[in-house]
Amino acid sequence: MTETANSPVRLAVVDSPDQPTPSAALAELYSGFEKELLVPLWTEIGDLMPLHPRSKAAPHLWRWESLVALADRAGHLVPVGRGGERRAIALANPALGGRPFATPTLWAAIQYLMPGEDAPEHRHTQHAFRFVVEGEGVWTVVGRDPVPMRRGDFLPQAGWNWHAHHNAADRPMAWIDGLDIPFQYVTESQFFEFGRDRISDEERTTPERSRSERLWGHPGLHPVSSLGAQPGTPLLAYRWADTDRALTDQLELEAEGHAGTLEPGHAAVRYINPTTGGDVLPTIRVEMHRIRRGAETAPRRETGSSVYQVFDGSGRVTVGDQSWSVTRGDLFVVPSWMPFSAKSEASASDSDSAALDLFRFSDGPIFETLHLNRAHVEGINA
């Protein structure tokens with residue numbers, strides 16, 4: 001077999017206005033390129049350097065009801081210990097070849113813990129968080145600091161921190177995990193290490209507030225004993241009561257004629273690292289959005305991708321040419337540079353706030369660090 005036949009490079013002579021004139025000499029040149037593992041830019045420029053981002057991911061919606069039902073079946077069949085590490089069930093974007101990736105950079109999974117179970121300790125370089133859409137009784141233990149998990153709580157955890165989970169309730173509990181697994185996978189930068197099989201008795205007794213909250217959970221106050229920037233937030237829990245109050249205040253200020261909302265009827269907050277004022281994790285941006293009933297957001301495009309979960313309420317979301325009615329718990333993906341908009345159809349019957357609340361996480365910090373961030377809002381940007 002010839003070297004050219006063994007080459008993974010395959011170049012075809014194409015009769016096209018933007019390609020060289022076909023000839024026997026051109027075919028011979030291409031054969032030489034194949035043999036030496038060379039690819040000329042003129043055959044690939046449309047794919048490598050398009051006029052705008054063309055994501056390999058596709059818009060897609062996962063129904064919470066279906067996810068929880070399947071997770072419950074897994075809870076009865078798959079051990080949570082080392083044989084079924086974490087019992088995390090990842091969302092697989094239909095356009096990414098069956099890989100367990102929600103987008104090319106983001107992982108999203110439902111994690112399910114049965115009553116009395118421990119998810120054993122481990123650590124990894126991937127930055128991670130947990131978000132609770134319903135239930136309570138589970139706590140996460142990060143660096144031997146037990147942290148209660150309740151509905152609406154956002155629990156971030158920077159990479160390479162030991163962590164485990166325990167369910168002290170008498171019923172199963174599910175939540176979503178978000179990580180930068182695909183990003184670290186493609187950049188070949190990931191490390192993983194197993195920890196203890198079981199947590200201590202002390203870690204099974206959950207205080208009302210974790211040690212991290214007692215030190216860092218005071219708005220606008222930075223402990224002088226811990227001055228200096230940290231790459232990931234040292235605050236391990238951002239409580240729903242605080243998030244809810246902030247969103248409520250924004251909409252009430254708008255109703256009183258004052259500035260505060262992102263656009264009419266659309267309140268939004270971003271979780272931040274109290275040591276820097278920047279994003280809560282180095283590779284992941286996390287926000288909560290509240291859209292007043294009847295309000296509709298302007299279509300927005302951004303470089304980078306996002307995963308949303310409906311925390312409360314109902315509405316209709318549009319991503320590219322896909323549109324879905326959504327309710328509590330549903331998850332959906334917004335790929336890079338695809339327009340996204342949402343209309344709230346929520347009311348007091350399906351939402352505590354009578355609004356559509358959307359939890360969002362994205363890879364925004366990566367794009368901003370690399371100066372690749374760009375956004376376009378219809379009706380605002382030229």
# chains A, B, ... in the order shown; residues from 1 in each chain; ligands from 1
call {"tool": "residues_around", "arguments": {"residues": "region 194-196 of chain A", "least_positions_apart": "5", "cutoff": "10 Å", "atoms": "only C-alpha atoms", "output": "ChimeraX atom specification"}}
result
/A:82,120-124,162-164
call {"tool": "write_last_selection", "arguments": {"atoms": "N, CA, C and O atoms", "output": "PDB file, in the first residue's frame"}}
result
ATOM      1  N   ARG A  82     -18.019   3.437  43.360  1.00  0.00           N
ATOM      2  CA  ARG A  82     -16.998   3.463  42.331  1.00  0.00           C
ATOM      3  C   ARG A  82     -17.419   2.764  41.039  1.00  0.00           C
ATOM      4  O   ARG A  82     -16.884   3.042  39.980  1.00  0.00           O
ATOM      5  N   PRO A 120     -19.265   9.086  46.496  1.00  0.00           N
ATOM      6  CA  PRO A 120     -17.923   9.082  47.084  1.00  0.00           C
ATOM      7  C   PRO A 120     -17.076  10.265  46.642  1.00  0.00           C
ATOM      8  O   PRO A 120     -17.315  10.892  45.608  1.00  0.00           O
ATOM      9  N   GLU A 121     -16.071  10.534  47.452  1.00  0.00           N
ATOM     10  CA  GLU A 121     -15.235  11.724  47.256  1.00  0.00           C
ATOM     11  C   GLU A 121     -14.291  11.552  46.066  1.00  0.00           C
ATOM     12  O   GLU A 121     -13.720  10.488  45.843  1.00  0.00           O
ATOM     13  N   HIS A 122     -14.141  12.620  45.311  1.00  0.00           N
ATOM     14  CA  HIS A 122     -13.115  12.685  44.277  1.00  0.00           C
ATOM     15  C   HIS A 122     -12.796  14.152  43.997  1.00  0.00           C
ATOM     16  O   HIS A 122     -13.414  15.059  44.564  1.00  0.00           O
ATOM     17  N   ARG A 123     -11.824  14.371  43.147  1.00  0.00           N
ATOM     18  CA  ARG A 123     -11.541  15.727  42.692  1.00  0.00           C
ATOM     19  C   ARG A 123     -11.056  15.671  41.246  1.00  0.00           C
ATOM     20  O   ARG A 123     -10.576  14.637  40.765  1.00  0.00           O
ATOM     21  N   HIS A 124     -11.194  16.788  40.572  1.00  0.00           N
ATOM     22  CA  HIS A 124     -10.817  16.869  39.158  1.00  0.00           C
ATOM     23  C   HIS A 124     -10.511  18.309  38.814  1.00  0.00           C
ATOM     24  O   HIS A 124     -10.937  19.242  39.514  1.00  0.00           O
ATOM     25  N   TRP A 162     -11.547  18.589  46.672  1.00  0.00           N
ATOM     26  CA  TRP A 162     -12.204  17.338  47.061  1.00  0.00           C
ATOM     27  C   TRP A 162     -13.687  17.603  47.326  1.00  0.00           C
ATOM     28  O   TRP A 162     -14.037  18.590  47.959  1.00  0.00           O
ATOM     29  N   HIS A 163     -14.547  16.702  46.859  1.00  0.00           N
ATOM     30  CA  HIS A 163     -15.978  16.876  47.114  1.00  0.00           C
ATOM     31  C   HIS A 163     -16.701  15.532  47.085  1.00  0.00           C
ATOM     32  O   HIS A 163     -16.303  14.601  46.387  1.00  0.00           O
ATOM     33  N   ALA A 164     -17.741  15.464  47.899  1.00  0.00           N
ATOM     34  CA  ALA A 164     -18.604  14.294  47.993  1.00  0.00           C
ATOM     35  C   ALA A 164     -20.026  14.792  48.221  1.00  0.00           C
ATOM     36  O   ALA A 164     -20.253  15.991  48.418  1.00  0.00           O
TER      37      ALA A 164
END
call {"tool": "closest_atom_pairs", "arguments": {"of": "region 255-285 of chain A", "to": "region 304-327 of chain A", "cutoff": "12 Å", "atoms": "only C-alpha atoms", "output": "tab-separated table"}}
result
residue	atom	partner	partner_atom	distance
A:Thr283	CA	A:Gly304	CA	11.3
A:Ile284	CA	A:Ser306	CA	9.7
A:Arg285	CA	A:Ser306	CA	9.1
call {"tool": "select_by_dssp", "arguments": {"residues": "region 89-252 of chain A", "states": "helix (DSSP H, G or I)", "output": "PyMOL selection string"}}
result
chain A and resi 181-186+201-204+211-216+224-226+240-252
call {"tool": "write_last_selection", "arguments": {"atoms": "N, CA, C and O atoms", "output": "compact mmCIF listing (two decimals), in the first residue's frame"}}
result
# COMPACT_ATOMS: atom_id res chain seq x y z
N ILE A 181 -16.14 20.02 31.16
CA ILE A 181 -15.52 18.78 30.71
C ILE A 181 -15.16 18.81 29.22
O ILE A 181 -14.03 18.49 28.85
N PRO A 182 -16.08 19.19 28.32
CA PRO A 182 -15.71 19.17 26.89
C PRO A 182 -14.54 20.11 26.57
O PRO A 182 -13.68 19.77 25.74
N PHE A 183 -14.50 21.27 27.22
CA PHE A 183 -13.41 22.21 26.96
C PHE A 183 -12.08 21.61 27.41
O PHE A 183 -11.08 21.65 26.66
N GLN A 184 -12.04 21.03 28.60
CA GLN A 184 -10.79 20.45 29.07
C GLN A 184 -10.44 19.18 28.29
O GLN A 184 -9.26 18.85 28.12
N TYR A 185 -11.45 18.49 27.79
CA TYR A 185 -11.20 17.30 26.97
C TYR A 185 -10.50 17.67 25.66
O TYR A 185 -9.50 17.08 25.28
N VAL A 186 -11.01 18.69 24.98
CA VAL A 186 -10.44 19.06 23.69
C VAL A 186 -9.08 19.73 23.86
O VAL A 186 -8.22 19.65 22.97
N ASP A 201 -18.51 11.15 60.13
CA ASP A 201 -19.76 11.43 60.83
C ASP A 201 -19.97 12.94 60.97
O ASP A 201 -21.09 13.44 60.89
N GLU A 202 -18.89 13.66 61.23
CA GLU A 202 -18.99 15.12 61.36
C GLU A 202 -19.52 15.75 60.08
O GLU A 202 -20.33 16.69 60.11
N GLU A 203 -19.10 15.22 58.93
CA GLU A 203 -19.55 15.77 57.65
C GLU A 203 -20.99 15.39 57.33
O GLU A 203 -21.61 15.98 56.45
N ARG A 204 -21.53 14.42 58.04
CA ARG A 204 -22.92 14.03 57.85
C ARG A 204 -23.88 14.90 58.65
O ARG A 204 -25.09 14.82 58.48
N ARG A 211 -19.11 26.56 56.50
CA ARG A 211 -18.02 27.44 56.90
C ARG A 211 -17.73 28.49 55.83
O ARG A 211 -17.42 29.65 56.14
N SER A 212 -17.84 28.11 54.58
CA SER A 212 -17.58 29.07 53.50
C SER A 212 -18.60 30.21 53.53
O SER A 212 -18.25 31.38 53.28
N GLU A 213 -19.85 29.90 53.84
CA GLU A 213 -20.87 30.95 53.91
C GLU A 213 -20.64 31.88 55.10
O GLU A 213 -20.86 33.09 55.00
N ARG A 214 -20.20 31.30 56.21
CA ARG A 214 -19.95 32.12 57.40
C ARG A 214 -18.80 33.10 57.16
O ARG A 214 -18.78 34.21 57.70
N LEU A 215 -17.85 32.70 56.31
CA LEU A 215 -16.71 33.58 56.04
C LEU A 215 -16.97 34.53 54.87
O LEU A 215 -16.61 35.71 54.93
N TRP A 216 -17.64 34.03 53.82
CA TRP A 216 -17.74 34.79 52.57
C TRP A 216 -19.15 35.26 52.22
O TRP A 216 -19.32 36.03 51.28
N VAL A 224 -10.76 40.39 55.85
CA VAL A 224 -9.40 40.91 55.74
C VAL A 224 -8.38 39.79 55.93
O VAL A 224 -7.26 39.87 55.43
N SER A 225 -8.77 38.72 56.61
CA SER A 225 -7.87 37.58 56.80
C SER A 225 -7.60 36.84 55.50
O SER A 225 -6.68 36.02 55.44
N SER A 226 -8.38 37.11 54.47
CA SER A 226 -8.26 36.35 53.22
C SER A 226 -8.21 37.27 52.01
O SER A 226 -8.84 37.01 50.98
N TRP A 240 -31.04 30.81 47.22
CA TRP A 240 -32.15 31.28 46.40
C TRP A 240 -32.82 32.51 46.98
O TRP A 240 -33.24 33.40 46.24
N ALA A 241 -32.92 32.62 48.29
CA ALA A 241 -33.59 33.78 48.89
C ALA A 241 -32.92 35.08 48.45
O ALA A 241 -33.60 36.08 48.17
N ASP A 242 -31.60 35.08 48.35
CA ASP A 242 -30.88 36.28 47.93
C ASP A 242 -31.08 36.56 46.44
O ASP A 242 -31.28 37.70 46.02
N THR A 243 -31.03 35.50 45.63
CA THR A 243 -31.23 35.65 44.19
C THR A 243 -32.64 36.15 43.89
O THR A 243 -32.83 37.07 43.09
N ASP A 244 -33.61 35.55 44.54
CA ASP A 244 -35.01 35.93 44.34
C ASP A 244 -35.25 37.39 44.71
O ASP A 244 -35.92 38.14 43.98
N ARG A 245 -34.67 37.81 45.83
CA ARG A 245 -34.85 39.19 46.28
C ARG A 245 -34.25 40.17 45.26
O ARG A 245 -34.85 41.21 44.95
N ALA A 246 -33.09 39.84 44.73
CA ALA A 246 -32.43 40.73 43.76
C ALA A 246 -33.27 40.87 42.49
O ALA A 246 -33.43 41.98 41.95
N LEU A 247 -33.82 39.76 42.00
CA LEU A 247 -34.64 39.81 40.78
C LEU A 247 -35.94 40.57 41.03
O LEU A 247 -36.38 41.37 40.19
N THR A 248 -36.56 40.32 42.17
CA THR A 248 -37.79 41.03 42.53
C THR A 248 -37.56 42.53 42.59
O THR A 248 -38.36 43.33 42.08
N ASP A 249 -36.47 42.93 43.23
CA ASP A 249 -36.17 44.36 43.36
C ASP A 249 -35.97 45.02 42.00
O ASP A 249 -36.41 46.16 41.79
N GLN A 250 -35.33 44.33 41.08
CA GLN A 250 -35.12 44.92 39.75
C GLN A 250 -36.45 45.22 39.06
O GLN A 250 -36.66 46.31 38.50
N LEU A 251 -37.37 44.26 39.09
CA LEU A 251 -38.66 44.46 38.42
C LEU A 251 -39.50 45.50 39.15
O LEU A 251 -40.24 46.27 38.51
N GLU A 252 -39.38 45.56 40.46
CA GLU A 252 -40.13 46.58 41.20
C GLU A 252 -39.57 47.98 40.92
O GLU A 252 -40.33 48.94 40.79
call {"tool": "closest_residue", "arguments": {"among": "A:Thr276, A:Ser336, A:Thr140, A:Thr261", "to": "Asp153 (chain A)", "atoms": "only C-alpha atoms"}}
result
A:Thr140
call {"tool": "select_by_dssp", "arguments": {"residues": "region 159-209 of chain A", "states": "strand (DSSP E)", "output": "list in words"}}
result
His163, Ala164, His165, His166, Asn167, Met173, Ala174, Trp175, Ile176, Asp177, Gly178, Leu179, Phe192, Glu193 and Phe194 of chain A
call {"tool": "write_last_selection", "arguments": {"atoms": "C-alpha atoms", "output": "mmCIF file, in the first residue's frame"}}
result
data_model
loop_
_atom_site.group_PDB
_atom_site.id
_atom_site.type_symbol
_atom_site.label_atom_id
_atom_site.label_comp_id
_atom_site.auth_asym_id
_atom_site.auth_seq_id
_atom_site.Cartn_x
_atom_site.Cartn_y
_atom_site.Cartn_z
ATOM 1 C CA HIS A 163 -15.978 16.876 47.114
ATOM 2 C CA ALA A 164 -18.604 14.294 47.993
ATOM 3 C CA HIS A 165 -22.398 14.249 48.442
ATOM 4 C CA HIS A 166 -24.809 12.711 50.958
ATOM 5 C CA ASN A 167 -28.584 12.305 50.936
ATOM 6 C CA MET A 173 -33.125 13.957 45.093
ATOM 7 C CA ALA A 174 -32.050 15.140 41.632
ATOM 8 C CA TRP A 175 -30.138 18.208 40.586
ATOM 9 C CA ILE A 176 -28.108 19.364 37.593
ATOM 10 C CA ASP A 177 -24.346 19.424 37.325
ATOM 11 C CA GLY A 178 -22.529 21.841 35.032
ATOM 12 C CA LEU A 179 -18.851 21.418 34.148
ATOM 13 C CA PHE A 192 -8.812 13.253 38.074
ATOM 14 C CA GLU A 193 -8.184 11.626 41.454
ATOM 15 C CA PHE A 194 -10.262 9.355 43.712
#
call {"tool": "residues_around", "arguments": {"residues": "region 29-34 of chain A", "least_positions_apart": "2", "cutoff": "9 Å", "atoms": "only C-alpha atoms", "output": "list in words"}}
result
Glu3, Thr4, Ala5, Ser7, Pro8, Val9, Arg10, Leu11, Ala12, Val13, Ala24, Ala25, Leu26, Ala27, Glu36, Leu37, Leu38, Val39 and Pro40 of chain A
call {"tool": "write_last_selection", "arguments": {"atoms": "C-alpha atoms", "output": "compact mmCIF listing (two decimals), in the first residue's frame"}}
result
# COMPACT_ATOMS: atom_id res chain seq x y z
CA GLU A 3 2.08 6.24 1.51
CA THR A 4 -0.63 8.31 -0.17
CA ALA A 5 -3.17 5.51 0.36
CA SER A 7 -2.61 9.19 4.48
CA PRO A 8 -5.65 10.55 6.35
CA VAL A 9 -5.50 13.62 4.11
CA ARG A 10 -7.86 13.42 1.13
CA LEU A 11 -7.97 16.22 -1.42
CA ALA A 12 -10.33 16.36 -4.37
CA VAL A 13 -9.92 18.42 -7.53
CA ALA A 24 -3.75 16.55 -14.30
CA ALA A 25 -0.94 18.63 -12.83
CA LEU A 26 -3.24 19.88 -10.04
CA ALA A 27 -4.29 16.30 -9.24
CA GLU A 36 3.35 14.69 2.94
CA LEU A 37 0.28 15.31 5.16
CA LEU A 38 -0.33 18.84 3.91
CA VAL A 39 -3.66 20.62 3.43
CA PRO A 40 -3.85 23.83 1.39
call {"tool": "atom_distance", "arguments": {"atom1": "CA of Ala268 (chain A)", "atom2": "CA of Val133 (chain A)"}}
result
17.6 Å
call {"tool": "atom_distance", "arguments": {"atom1": "CA of Arg301 (chain A)", "atom2": "CA of Val333 (chain A)"}}
result
13.0 Å
call {"tool": "residues_around", "arguments": {"residues": "Ala295 (chain A)", "least_positions_apart": "4", "cutoff": "7 Å", "atoms": "only C-alpha atoms", "output": "list in words"}}
result
Gly265, Ile291, Lys343 and Ser344 of chain A
call {"tool": "write_last_selection", "arguments": {"atoms": "N, CA, C and O atoms", "output": "mmCIF file, in the first residue's frame"}}
result
data_model
loop_
_atom_site.group_PDB
_atom_site.id
_atom_site.type_symbol
_atom_site.label_atom_id
_atom_site.label_comp_id
_atom_site.auth_asym_id
_atom_site.auth_seq_id
_atom_site.Cartn_x
_atom_site.Cartn_y
_atom_site.Cartn_z
ATOM 1 N N GLY A 265 -39.172 44.386 31.387
ATOM 2 C CA GLY A 265 -39.734 43.132 31.890
ATOM 3 C C GLY A 265 -38.726 42.015 32.078
ATOM 4 O O GLY A 265 -39.107 40.885 32.361
ATOM 5 N N ILE A 291 -38.299 36.841 33.683
ATOM 6 C CA ILE A 291 -39.033 37.541 32.633
ATOM 7 C C ILE A 291 -40.494 37.656 33.069
ATOM 8 O O ILE A 291 -41.175 36.650 33.286
ATOM 9 N N LYS A 343 -40.232 34.243 25.698
ATOM 10 C CA LYS A 343 -41.461 34.952 26.058
ATOM 11 C C LYS A 343 -42.074 34.280 27.278
ATOM 12 O O LYS A 343 -42.240 33.059 27.321
ATOM 13 N N SER A 344 -42.393 35.076 28.282
ATOM 14 C CA SER A 344 -42.958 34.537 29.513
ATOM 15 C C SER A 344 -44.465 34.365 29.391
ATOM 16 O O SER A 344 -45.185 35.286 29.000
#
call {"tool": "closest_residue", "arguments": {"among": "A:Ala109, A:Val377, A:Leu155, A:Ile199", "to": "Phe129 (chain A)", "atoms": "only C-alpha atoms"}}
result
A:Leu155
call {"tool": "atom_distance", "arguments": {"atom1": "CA of Phe154 (chain A)", "atom2": "CA of Arg130 (chain A)"}}
result
6.1 Å
call {"tool": "residues_around", "arguments": {"residues": "Arg87 (chain A)", "least_positions_apart": "5", "cutoff": "8 Å", "atoms": "only C-alpha atoms", "output": "MDAnalysis selection string"}}
result
chainID A and resid 74:75 78:80 111:113
call {"tool": "write_last_selection", "arguments": {"atoms": "all heavy atoms", "output": "PDB file, in the first residue's frame"}}
result
ATOM      1  N   ALA A  74     -32.381   4.530  36.911  1.00  0.00           N
ATOM      2  CA  ALA A  74     -30.944   4.314  37.119  1.00  0.00           C
ATOM      3  C   ALA A  74     -30.621   4.187  38.605  1.00  0.00           C
ATOM      4  O   ALA A  74     -29.743   3.404  38.990  1.00  0.00           O
ATOM      5  CB  ALA A  74     -30.151   5.466  36.499  1.00  0.00           C
ATOM      6  N   GLY A  75     -31.360   4.946  39.446  1.00  0.00           N
ATOM      7  CA  GLY A  75     -31.125   4.880  40.879  1.00  0.00           C
ATOM      8  C   GLY A  75     -31.358   3.500  41.454  1.00  0.00           C
ATOM      9  O   GLY A  75     -30.749   3.133  42.471  1.00  0.00           O
ATOM     10  N   VAL A  78     -28.209   1.180  39.118  1.00  0.00           N
ATOM     11  CA  VAL A  78     -26.789   1.520  39.014  1.00  0.00           C
ATOM     12  C   VAL A  78     -26.271   1.995  40.363  1.00  0.00           C
ATOM     13  O   VAL A  78     -26.824   2.935  40.935  1.00  0.00           O
ATOM     14  CB  VAL A  78     -26.571   2.626  37.955  1.00  0.00           C
ATOM     15  CG1 VAL A  78     -25.095   2.974  37.834  1.00  0.00           C
ATOM     16  CG2 VAL A  78     -27.135   2.194  36.610  1.00  0.00           C
ATOM     17  N   PRO A  79     -25.223   1.365  40.886  1.00  0.00           N
ATOM     18  CA  PRO A  79     -24.676   1.819  42.169  1.00  0.00           C
ATOM     19  C   PRO A  79     -24.067   3.210  42.046  1.00  0.00           C
ATOM     20  O   PRO A  79     -23.593   3.602  40.972  1.00  0.00           O
ATOM     21  CB  PRO A  79     -23.603   0.774  42.485  1.00  0.00           C
ATOM     22  CG  PRO A  79     -23.220   0.209  41.153  1.00  0.00           C
ATOM     23  CD  PRO A  79     -24.467   0.224  40.328  1.00  0.00           C
ATOM     24  N   VAL A  80     -24.080   3.931  43.160  1.00  0.00           N
ATOM     25  CA  VAL A  80     -23.539   5.282  43.133  1.00  0.00           C
ATOM     26  C   VAL A  80     -22.057   5.300  43.476  1.00  0.00           C
ATOM     27  O   VAL A  80     -21.378   6.310  43.288  1.00  0.00           O
ATOM     28  CB  VAL A  80     -24.314   6.203  44.100  1.00  0.00           C
ATOM     29  CG1 VAL A  80     -23.921   5.935  45.550  1.00  0.00           C
ATOM     30  CG2 VAL A  80     -24.104   7.668  43.759  1.00  0.00           C
ATOM     31  N   GLN A 111     -27.965  14.536  38.158  1.00  0.00           N
ATOM     32  CA  GLN A 111     -27.376  13.625  39.140  1.00  0.00           C
ATOM     33  C   GLN A 111     -28.474  13.215  40.115  1.00  0.00           C
ATOM     34  O   GLN A 111     -29.298  14.041  40.510  1.00  0.00           O
ATOM     35  CB  GLN A 111     -26.197  14.276  39.867  1.00  0.00           C
ATOM     36  CG  GLN A 111     -25.421  13.280  40.708  1.00  0.00           C
ATOM     37  CD  GLN A 111     -24.082  13.793  41.194  1.00  0.00           C
ATOM     38  OE1 GLN A 111     -23.555  13.277  42.170  1.00  0.00           O
ATOM     39  NE2 GLN A 111     -23.524  14.797  40.539  1.00  0.00           N
ATOM     40  N   TYR A 112     -28.450  11.961  40.517  1.00  0.00           N
ATOM     41  CA  TYR A 112     -29.563  11.398  41.272  1.00  0.00           C
ATOM     42  C   TYR A 112     -29.018  10.601  42.439  1.00  0.00           C
ATOM     43  O   TYR A 112     -28.198   9.693  42.270  1.00  0.00           O
ATOM     44  CB  TYR A 112     -30.378  10.487  40.351  1.00  0.00           C
ATOM     45  CG  TYR A 112     -31.789  10.182  40.820  1.00  0.00           C
ATOM     46  CD1 TYR A 112     -32.800  11.116  40.638  1.00  0.00           C
ATOM     47  CD2 TYR A 112     -32.103   8.964  41.400  1.00  0.00           C
ATOM     48  CE1 TYR A 112     -34.098  10.846  41.034  1.00  0.00           C
ATOM     49  CE2 TYR A 112     -33.409   8.674  41.792  1.00  0.00           C
ATOM     50  CZ  TYR A 112     -34.392   9.627  41.614  1.00  0.00           C
ATOM     51  OH  TYR A 112     -35.683   9.356  42.000  1.00  0.00           O
ATOM     52  N   LEU A 113     -29.480  10.935  43.647  1.00  0.00           N
ATOM     53  CA  LEU A 113     -28.999  10.277  44.852  1.00  0.00           C
ATOM     54  C   LEU A 113     -30.182   9.705  45.616  1.00  0.00           C
ATOM     55  O   LEU A 113     -31.140  10.418  45.925  1.00  0.00           O
ATOM     56  CB  LEU A 113     -28.237  11.285  45.719  1.00  0.00           C
ATOM     57  CG  LEU A 113     -27.092  10.764  46.599  1.00  0.00           C
ATOM     58  CD1 LEU A 113     -26.046  10.009  45.770  1.00  0.00           C
ATOM     59  CD2 LEU A 113     -26.433  11.926  47.325  1.00  0.00           C
TER      60      LEU A 113
END
call {"tool": "decode", "arguments": {"residues": "region 43-72 of chain A", "atoms": "C-alpha atoms", "output": "PDB file, in the first residue's frame"}}
result
ATOM      1  CA  THR A  43      -9.619  23.833   0.000  1.00  0.00           C
ATOM      2  CA  GLU A  44     -10.688  24.397   3.606  1.00  0.00           C
ATOM      3  CA  ILE A  45     -11.186  28.144   4.116  1.00  0.00           C
ATOM      4  CA  GLY A  46     -14.989  27.987   4.061  1.00  0.00           C
ATOM      5  CA  ASP A  47     -14.970  25.584   7.006  1.00  0.00           C
ATOM      6  CA  LEU A  48     -11.968  26.943   8.939  1.00  0.00           C
ATOM      7  CA  MET A  49     -12.623  30.662   8.432  1.00  0.00           C
ATOM      8  CA  PRO A  50     -16.381  31.173   7.865  1.00  0.00           C
ATOM      9  CA  LEU A  51     -17.981  34.596   7.699  1.00  0.00           C
ATOM     10  CA  HIS A  52     -19.549  33.986  11.142  1.00  0.00           C
ATOM     11  CA  PRO A  53     -19.546  31.132  13.716  1.00  0.00           C
ATOM     12  CA  ARG A  54     -21.205  27.926  12.543  1.00  0.00           C
ATOM     13  CA  SER A  55     -21.637  25.761  15.612  1.00  0.00           C
ATOM     14  CA  LYS A  56     -21.319  22.006  15.417  1.00  0.00           C
ATOM     15  CA  ALA A  57     -23.956  21.857  18.177  1.00  0.00           C
ATOM     16  CA  ALA A  58     -27.689  21.996  17.511  1.00  0.00           C
ATOM     17  CA  PRO A  59     -30.495  23.617  19.497  1.00  0.00           C
ATOM     18  CA  HIS A  60     -32.166  20.928  21.567  1.00  0.00           C
ATOM     19  CA  LEU A  61     -34.634  20.558  24.447  1.00  0.00           C
ATOM     20  CA  TRP A  62     -34.661  17.942  27.205  1.00  0.00           C
ATOM     21  CA  ARG A  63     -37.861  17.520  29.246  1.00  0.00           C
ATOM     22  CA  TRP A  64     -37.273  17.405  33.009  1.00  0.00           C
ATOM     23  CA  GLU A  65     -40.100  14.936  33.550  1.00  0.00           C
ATOM     24  CA  SER A  66     -38.412  12.405  31.248  1.00  0.00           C
ATOM     25  CA  LEU A  67     -34.967  12.984  32.733  1.00  0.00           C
ATOM     26  CA  VAL A  68     -36.156  12.421  36.299  1.00  0.00           C
ATOM     27  CA  ALA A  69     -38.044   9.251  35.349  1.00  0.00           C
ATOM     28  CA  LEU A  70     -34.952   7.759  33.715  1.00  0.00           C
ATOM     29  CA  ALA A  71     -32.708   8.896  36.564  1.00  0.00           C
ATOM     30  CA  ASP A  72     -35.021   7.163  39.032  1.00  0.00           C
TER      31      ASP A  72
END
